[in-house]
$ cat entry_19.cif   # mmCIF, C-alpha atoms
data_protein
#
loop_
_atom_site.group_PDB
_atom_site.id
_atom_site.type_symbol
_atom_site.label_atom_id
_atom_site.label_comp_id
_atom_site.auth_asym_id
_atom_site.auth_seq_id
_atom_site.Cartn_x
_atom_site.Cartn_y
_atom_site.Cartn_z
ATOM 1 C CA MET A 1 52.830 163.091 132.693
ATOM 2 C CA LYS A 2 51.613 165.694 130.250
ATOM 3 C CA ASN A 3 51.303 168.161 133.093
ATOM 4 C CA TYR A 4 55.045 167.968 133.762
ATOM 5 C CA SER A 5 57.658 169.785 131.843
ATOM 6 C CA LYS A 6 60.092 167.936 129.649
ATOM 7 C CA GLU A 7 62.818 168.190 132.200
ATOM 8 C CA LYS A 8 60.575 166.865 134.970
ATOM 9 C CA GLN A 9 59.476 163.986 132.690
ATOM 10 C CA LYS A 10 63.117 163.076 132.033
ATOM 11 C CA GLN A 11 63.857 163.176 135.755
ATOM 12 C CA LEU A 12 60.817 161.006 136.478
ATOM 13 C CA VAL A 13 61.810 158.437 133.826
ATOM 14 C CA LEU A 14 65.392 158.499 135.107
ATOM 15 C CA ALA A 15 64.153 158.014 138.680
ATOM 16 C CA LEU A 16 61.966 155.092 137.554
ATOM 17 C CA LEU A 17 64.925 153.525 135.682
ATOM 18 C CA VAL A 18 67.260 153.963 138.655
ATOM 19 C CA THR A 19 64.597 152.505 140.974
ATOM 20 C CA GLY A 20 64.113 149.563 138.588
ATOM 21 C CA MET A 21 67.855 148.997 138.397
ATOM 22 C CA VAL A 22 68.173 149.161 142.186
ATOM 23 C CA LEU A 23 65.312 146.655 142.548
ATOM 24 C CA CYS A 24 66.936 144.349 139.955
ATOM 25 C CA GLY A 25 70.260 144.726 141.764
ATOM 26 C CA LEU A 26 68.606 143.848 145.052
ATOM 27 C CA TRP A 27 66.895 140.863 143.437
ATOM 28 C CA PHE A 28 70.001 139.463 141.799
ATOM 29 C CA GLY A 29 72.444 140.570 144.493
ATOM 30 C CA LEU A 30 70.627 139.706 147.671
ATOM 31 C CA ILE A 31 67.357 137.880 147.232
ATOM 32 C CA ARG A 32 68.522 135.387 144.597
ATOM 33 C CA MET A 33 71.663 134.556 146.628
ATOM 34 C CA GLN A 34 69.518 134.132 149.739
ATOM 35 C CA LYS A 35 67.153 131.792 147.869
ATOM 36 C CA GLN A 36 70.126 129.770 146.588
ATOM 37 C CA SER A 37 71.551 129.657 150.101
ATOM 38 C CA LEU A 38 68.177 128.439 151.426
ATOM 39 C CA ARG A 39 68.047 125.749 148.705
ATOM 40 C CA ASN A 40 71.569 124.583 149.598
ATOM 41 C CA LEU A 41 70.673 124.568 153.254
ATOM 42 C CA GLY A 42 67.555 122.496 152.492
ATOM 43 C CA GLU A 43 69.611 119.977 150.478
ATOM 44 C CA ARG A 44 72.133 119.643 153.305
ATOM 45 C CA ARG A 45 69.280 119.230 155.786
ATOM 46 C CA THR A 46 67.759 116.455 153.630
ATOM 47 C CA ALA A 47 71.154 114.713 153.309
ATOM 48 C CA ALA A 48 71.686 114.968 157.068
ATOM 49 C CA ALA A 49 68.196 113.545 157.662
ATOM 50 C CA HIS A 50 69.004 110.580 155.366
ATOM 51 C CA GLN A 51 72.300 110.034 157.167
ATOM 52 C CA LEU A 52 70.529 110.202 160.527
ATOM 53 C CA GLU A 53 67.985 107.647 159.308
ATOM 54 C CA LYS A 54 70.811 105.309 158.243
ATOM 55 C CA VAL A 55 72.466 105.643 161.646
ATOM 56 C CA LYS A 56 69.159 104.984 163.419
ATOM 57 C CA GLN A 57 68.599 101.930 161.233
ATOM 58 C CA ALA A 58 72.132 100.658 161.950
ATOM 59 C CA ILE A 59 71.539 101.129 165.674
ATOM 60 C CA ALA A 60 68.220 99.301 165.409
ATOM 61 C CA ASN A 61 69.882 96.461 163.467
ATOM 62 C CA ALA A 62 72.939 96.250 165.737
ATOM 63 C CA ASP A 63 71.698 93.011 167.311
ATOM 64 C CA GLN A 64 71.151 91.483 163.890
ATOM 65 C CA LEU A 65 74.615 92.616 162.736
ATOM 66 C CA GLU A 66 76.181 91.113 165.856
ATOM 67 C CA ALA A 67 74.354 87.843 165.210
ATOM 68 C CA GLU A 68 75.545 87.820 161.578
ATOM 69 C CA LEU A 69 79.100 88.522 162.725
ATOM 70 C CA ALA A 70 78.944 85.697 165.265
ATOM 71 C CA GLU A 71 77.604 83.332 162.578
ATOM 72 C CA ALA A 72 80.392 84.353 160.181
ATOM 73 C CA GLU A 73 82.978 83.748 162.917
ATOM 74 C CA ARG A 74 81.495 80.280 163.549
ATOM 75 C CA GLN A 75 81.693 79.476 159.838
ATOM 76 C CA VAL A 76 85.334 80.613 159.637
ATOM 77 C CA THR A 77 86.181 78.581 162.737
ATOM 78 C CA LYS A 78 84.494 75.534 161.228
ATOM 79 C CA LEU A 79 86.450 75.970 157.986
ATOM 80 C CA GLU A 80 89.695 76.449 159.919
ATOM 81 C CA GLU A 81 89.152 73.093 161.644
ATOM 82 C CA GLY A 82 89.636 71.361 158.285
ATOM 83 C CA MET A 83 92.715 73.378 157.323
ATOM 84 C CA ALA A 84 96.211 71.969 157.356
ATOM 85 C CA SER A 85 97.852 72.060 160.775
ATOM 86 C CA GLY A 86 100.591 70.335 162.718
ATOM 87 C CA ASP A 87 102.857 68.184 160.507
ATOM 88 C CA LEU A 88 101.781 69.606 157.138
ATOM 89 C CA TYR A 89 103.316 66.803 155.063
ATOM 90 C CA ALA A 90 101.593 64.055 157.049
ATOM 91 C CA TRP A 91 98.330 65.987 157.091
ATOM 92 C CA ALA A 92 98.391 66.492 153.304
ATOM 93 C CA ILE A 93 99.247 62.862 152.487
ATOM 94 C CA ASN A 94 96.651 61.474 154.916
ATOM 95 C CA THR A 95 93.981 63.854 153.625
ATOM 96 C CA VAL A 96 94.595 62.998 149.957
ATOM 97 C CA ARG A 97 94.799 59.236 150.656
ATOM 98 C CA GLN A 98 91.581 59.280 152.711
ATOM 99 C CA PHE A 99 89.769 61.337 150.112
ATOM 100 C CA LYS A 100 90.775 59.157 147.147
ATOM 101 C CA LEU A 101 89.484 55.907 148.680
ATOM 102 C CA PRO A 102 86.046 55.883 146.956
ATOM 103 C CA TYR A 103 87.572 56.850 143.580
ATOM 104 C CA LYS A 104 89.428 54.720 141.057
ATOM 105 C CA VAL A 105 92.478 56.936 141.173
ATOM 106 C CA GLU A 106 96.024 55.782 141.930
ATOM 107 C CA ILE A 107 98.304 58.366 143.572
ATOM 108 C CA PRO A 108 101.716 56.865 144.314
ATOM 109 C CA GLN A 109 103.785 60.049 143.952
ATOM 110 C CA PHE A 110 103.988 62.725 146.641
ATOM 111 C CA SER A 111 106.637 65.459 146.598
ATOM 112 C CA GLN A 112 108.024 67.256 149.617
ATOM 113 C CA ILE A 113 105.731 69.964 150.881
ATOM 114 C CA ASP A 114 106.680 73.554 150.099
ATOM 115 C CA GLY A 115 105.723 75.914 152.869
ATOM 116 C CA PRO A 116 104.190 77.319 154.853
ATOM 117 C CA LYS A 117 104.894 80.608 153.148
ATOM 118 C CA ASP A 118 103.022 83.781 152.253
ATOM 119 C CA ASN A 119 99.900 83.248 150.218
ATOM 120 C CA SER A 120 100.337 83.642 146.465
ATOM 121 C CA LEU A 121 96.703 82.897 145.557
ATOM 122 C CA LEU A 122 95.301 86.077 147.121
ATOM 123 C CA PRO A 123 97.446 89.110 147.940
ATOM 124 C CA ASN A 124 97.346 90.471 151.502
ATOM 125 C CA PHE A 125 95.521 87.366 152.719
ATOM 126 C CA PRO A 126 96.021 86.579 156.420
ATOM 127 C CA TYR A 127 96.620 82.820 155.951
ATOM 128 C CA LYS A 128 99.844 81.089 154.935
ATOM 129 C CA GLN A 129 99.885 78.441 152.223
ATOM 130 C CA ALA A 130 101.686 75.154 151.622
ATOM 131 C CA THR A 131 102.005 73.389 148.272
ATOM 132 C CA LEU A 132 102.297 69.659 147.593
ATOM 133 C CA THR A 133 102.801 68.052 144.174
ATOM 134 C CA ILE A 134 101.122 64.698 143.571
ATOM 135 C CA GLY A 135 101.108 62.380 140.600
ATOM 136 C CA GLY A 136 99.260 59.253 139.572
ATOM 137 C CA THR A 137 97.038 57.545 137.010
ATOM 138 C CA ALA A 138 93.309 57.258 136.416
ATOM 139 C CA PHE A 139 90.736 57.031 133.677
ATOM 140 C CA PHE A 140 89.596 60.441 132.455
ATOM 141 C CA HIS A 141 86.060 60.224 133.848
ATOM 142 C CA ASP A 142 87.204 58.935 137.241
ATOM 143 C CA PHE A 143 89.871 61.609 137.504
ATOM 144 C CA GLY A 144 87.377 64.320 136.559
ATOM 145 C CA ARG A 145 84.983 63.270 139.323
ATOM 146 C CA PHE A 146 87.861 63.028 141.812
ATOM 147 C CA LEU A 147 89.141 66.496 140.918
ATOM 148 C CA ALA A 148 85.712 68.168 141.022
ATOM 149 C CA ASP A 149 84.788 66.550 144.327
ATOM 150 C CA PHE A 150 88.192 67.379 145.814
ATOM 151 C CA GLU A 151 87.903 71.086 145.063
ATOM 152 C CA ASN A 152 84.293 71.164 146.284
ATOM 153 C CA SER A 153 85.123 69.295 149.503
ATOM 154 C CA PHE A 154 88.150 71.409 150.401
ATOM 155 C CA PRO A 155 87.343 75.111 149.837
ATOM 156 C CA TYR A 156 90.727 76.052 151.325
ATOM 157 C CA ALA A 157 92.714 74.023 148.750
ATOM 158 C CA ARG A 158 93.262 74.747 145.058
ATOM 159 C CA VAL A 159 94.620 72.585 142.285
ATOM 160 C CA LEU A 160 97.326 74.298 140.266
ATOM 161 C CA ASN A 161 99.538 73.321 137.302
ATOM 162 C CA LEU A 162 97.503 70.276 136.285
ATOM 163 C CA THR A 163 99.176 68.116 133.618
ATOM 164 C CA LEU A 164 97.390 65.224 131.890
ATOM 165 C CA GLU A 165 99.145 62.793 129.519
ATOM 166 C CA PRO A 166 98.145 59.442 128.062
ATOM 167 C CA VAL A 167 99.899 56.510 129.679
ATOM 168 C CA SER A 168 102.017 54.737 127.047
ATOM 169 C CA GLY A 169 102.730 51.025 126.776
ATOM 170 C CA LEU A 170 99.485 49.819 128.361
ATOM 171 C CA LEU A 171 97.268 46.994 127.252
ATOM 172 C CA HIS A 172 94.457 47.679 124.777
ATOM 173 C CA GLU A 173 91.740 47.977 127.466
ATOM 174 C CA ASN A 174 93.788 50.508 129.459
ATOM 175 C CA ARG A 175 94.590 52.836 126.556
ATOM 176 C CA GLU A 176 92.258 55.502 127.907
ATOM 177 C CA LYS A 177 94.175 55.756 131.161
ATOM 178 C CA LEU A 178 95.833 59.084 131.876
ATOM 179 C CA ALA A 179 98.858 60.061 133.927
ATOM 180 C CA PHE A 180 98.356 63.240 135.915
ATOM 181 C CA LYS A 181 100.516 65.566 137.910
ATOM 182 C CA MET A 182 99.219 68.542 139.870
ATOM 183 C CA ASP A 183 100.083 70.927 142.639
ATOM 184 C CA ILE A 184 97.713 71.301 145.558
ATOM 185 C CA ALA A 185 97.992 74.683 147.271
ATOM 186 C CA MET A 186 96.317 74.605 150.678
ATOM 187 C CA LEU A 187 95.780 77.210 153.333
ATOM 188 C CA VAL A 188 97.458 76.592 156.661
ATOM 189 C CA LYS A 189 95.548 77.069 159.898
ATOM 190 C CA PRO A 190 96.772 80.179 161.743
ATOM 191 C CA GLY A 191 99.118 79.388 164.599
ATOM 192 C CA ALA A 192 99.886 75.922 163.217
#
$ encode --input "entry_19.cif" --output "structure tokens"
Amino acid sequence: MKNYSKEKQKQLVLALLVTGMVLCGLWFGLIRMQKQSLRNLGERRTAAAHQLEKVKQAIANADQLEAELAEAERQVTKLEEGMASGDLYAWAINTVRQFKLPYKVEIPQFSQIDGPKDNSLLPNFPYKQATLTIGGTAFFHDFGRFLADFENSFPYARVLNLTLEPVSGLLHENREKLAFKMDIAMLVKPGA
């Protein structure tokens, strides 16, 4: 550079600076955007490959899914067989009377059945519901077993508005007897 005149040295430095700026501009303007575009394309390719793998797995498991669906339909059909149908009042009274036989629970009071109407237990549920109020007496322990077994035996029925009160005016040995009143909300079999 010492062989060049001052003006030539300035032109050379200016040319080097302009070349450096052009190279930086190319790097940041074109190459870096292209690299980012390639990275984005690679991420989309990976996501598409994962999605394709999921679809392939779903296709491979289609038979298993169909079998699970058929089993679920059988279970729903089996549950629907025990649901209220026909004369709802007679069905409810007969069901409660049959169920209470092994328990020391007296149930002499049955109200008129309310329903079938839209389900209030679960919104947008495809089944209708009917509600029956029953009342009776039992010792606390016996009633507790009856109630627990009833709800476990009938998954499509729920006990609502349970009221327990001591029975007054009983003999000394029956002081622990309770009077109960409760609503039983039951699902109604479709088409019944």
$ resolve_selection --input "entry_19.cif" --expression "the PyMOL selection byres ((chain A and resi 129-141) around 6)" --output "list in words"
Val105, Glu106, Ile107, Pro108, Gln109, Phe110, Ser111, Ile113, Asp114, Gly115, Pro116, Lys117, Asn119, Lys128, Asp142, Phe143, Gly144, Lys177, Leu178, Ala179, Phe180, Lys181, Met182, Asp183, Ile184, Ala185, Met186, Leu187 and Val188 of chain A
$ atom_distance --input "entry_19.cif" --atom1 "atom CA of Lys189 of chain A" --atom2 "atom CA of Leu79 of chain A"
9.4 Å
$ atom_distance --input "entry_19.cif" --atom1 "atom CA of Ala92 of chain A" --atom2 "atom CA of Glu73 of chain A"
25.1 Å
$ closest_residue --input "entry_19.cif" --among "A:Phe150, A:Thr163, A:Val76, A:Glu71" --to "Arg97 of chain A" --atoms "all atoms listed in the file"
A:Phe150
$ atom_distance --input "entry_19.cif" --atom1 "atom CA of Glu7 of chain A" --atom2 "atom CA of Met21 of chain A"
20.8 Å
$ decode --input "entry_19.cif" --residues "segment 130-163 of chain A" --atoms "C-alpha atoms" --output "compact mmCIF listing (two decimals), in the first residue's frame"
# COMPACT_ATOMS: atom_id res chain seq x y z
CA ALA A 130 -87.77 -39.05 35.35
CA THR A 131 -87.86 -38.25 39.06
CA LEU A 132 -89.66 -40.12 41.83
CA THR A 133 -89.80 -39.07 45.50
CA ILE A 134 -89.82 -41.85 48.09
CA GLY A 135 -90.01 -41.79 51.86
CA GLY A 136 -89.65 -44.29 54.66
CA THR A 137 -87.84 -45.28 57.85
CA ALA A 138 -84.71 -47.24 58.70
CA PHE A 139 -81.86 -47.39 61.15
CA PHE A 140 -78.93 -45.19 60.13
CA HIS A 141 -76.53 -48.04 59.34
CA ASP A 142 -79.12 -50.01 57.36
CA PHE A 143 -80.14 -46.94 55.39
CA GLY A 144 -76.51 -46.10 54.64
CA ARG A 145 -75.86 -49.56 53.21
CA PHE A 146 -79.11 -49.42 51.22
CA LEU A 147 -78.25 -46.00 49.77
CA ALA A 148 -74.66 -46.90 48.86
CA ASP A 149 -75.66 -50.19 47.26
CA PHE A 150 -78.53 -48.54 45.39
CA GLU A 151 -76.31 -45.93 43.77
CA ASN A 152 -73.66 -48.53 42.94
CA SER A 153 -76.20 -50.96 41.47
CA PHE A 154 -77.98 -48.38 39.31
CA PRO A 155 -75.39 -46.16 37.57
CA TYR A 156 -78.19 -44.45 35.64
CA ALA A 157 -80.02 -43.28 38.80
CA ARG A 158 -79.01 -40.58 41.27
CA VAL A 159 -80.32 -39.75 44.71
CA LEU A 160 -81.13 -36.08 45.14
CA ASN A 161 -82.53 -33.91 47.96
CA LEU A 162 -81.98 -36.47 50.72
CA THR A 163 -83.58 -35.52 54.05
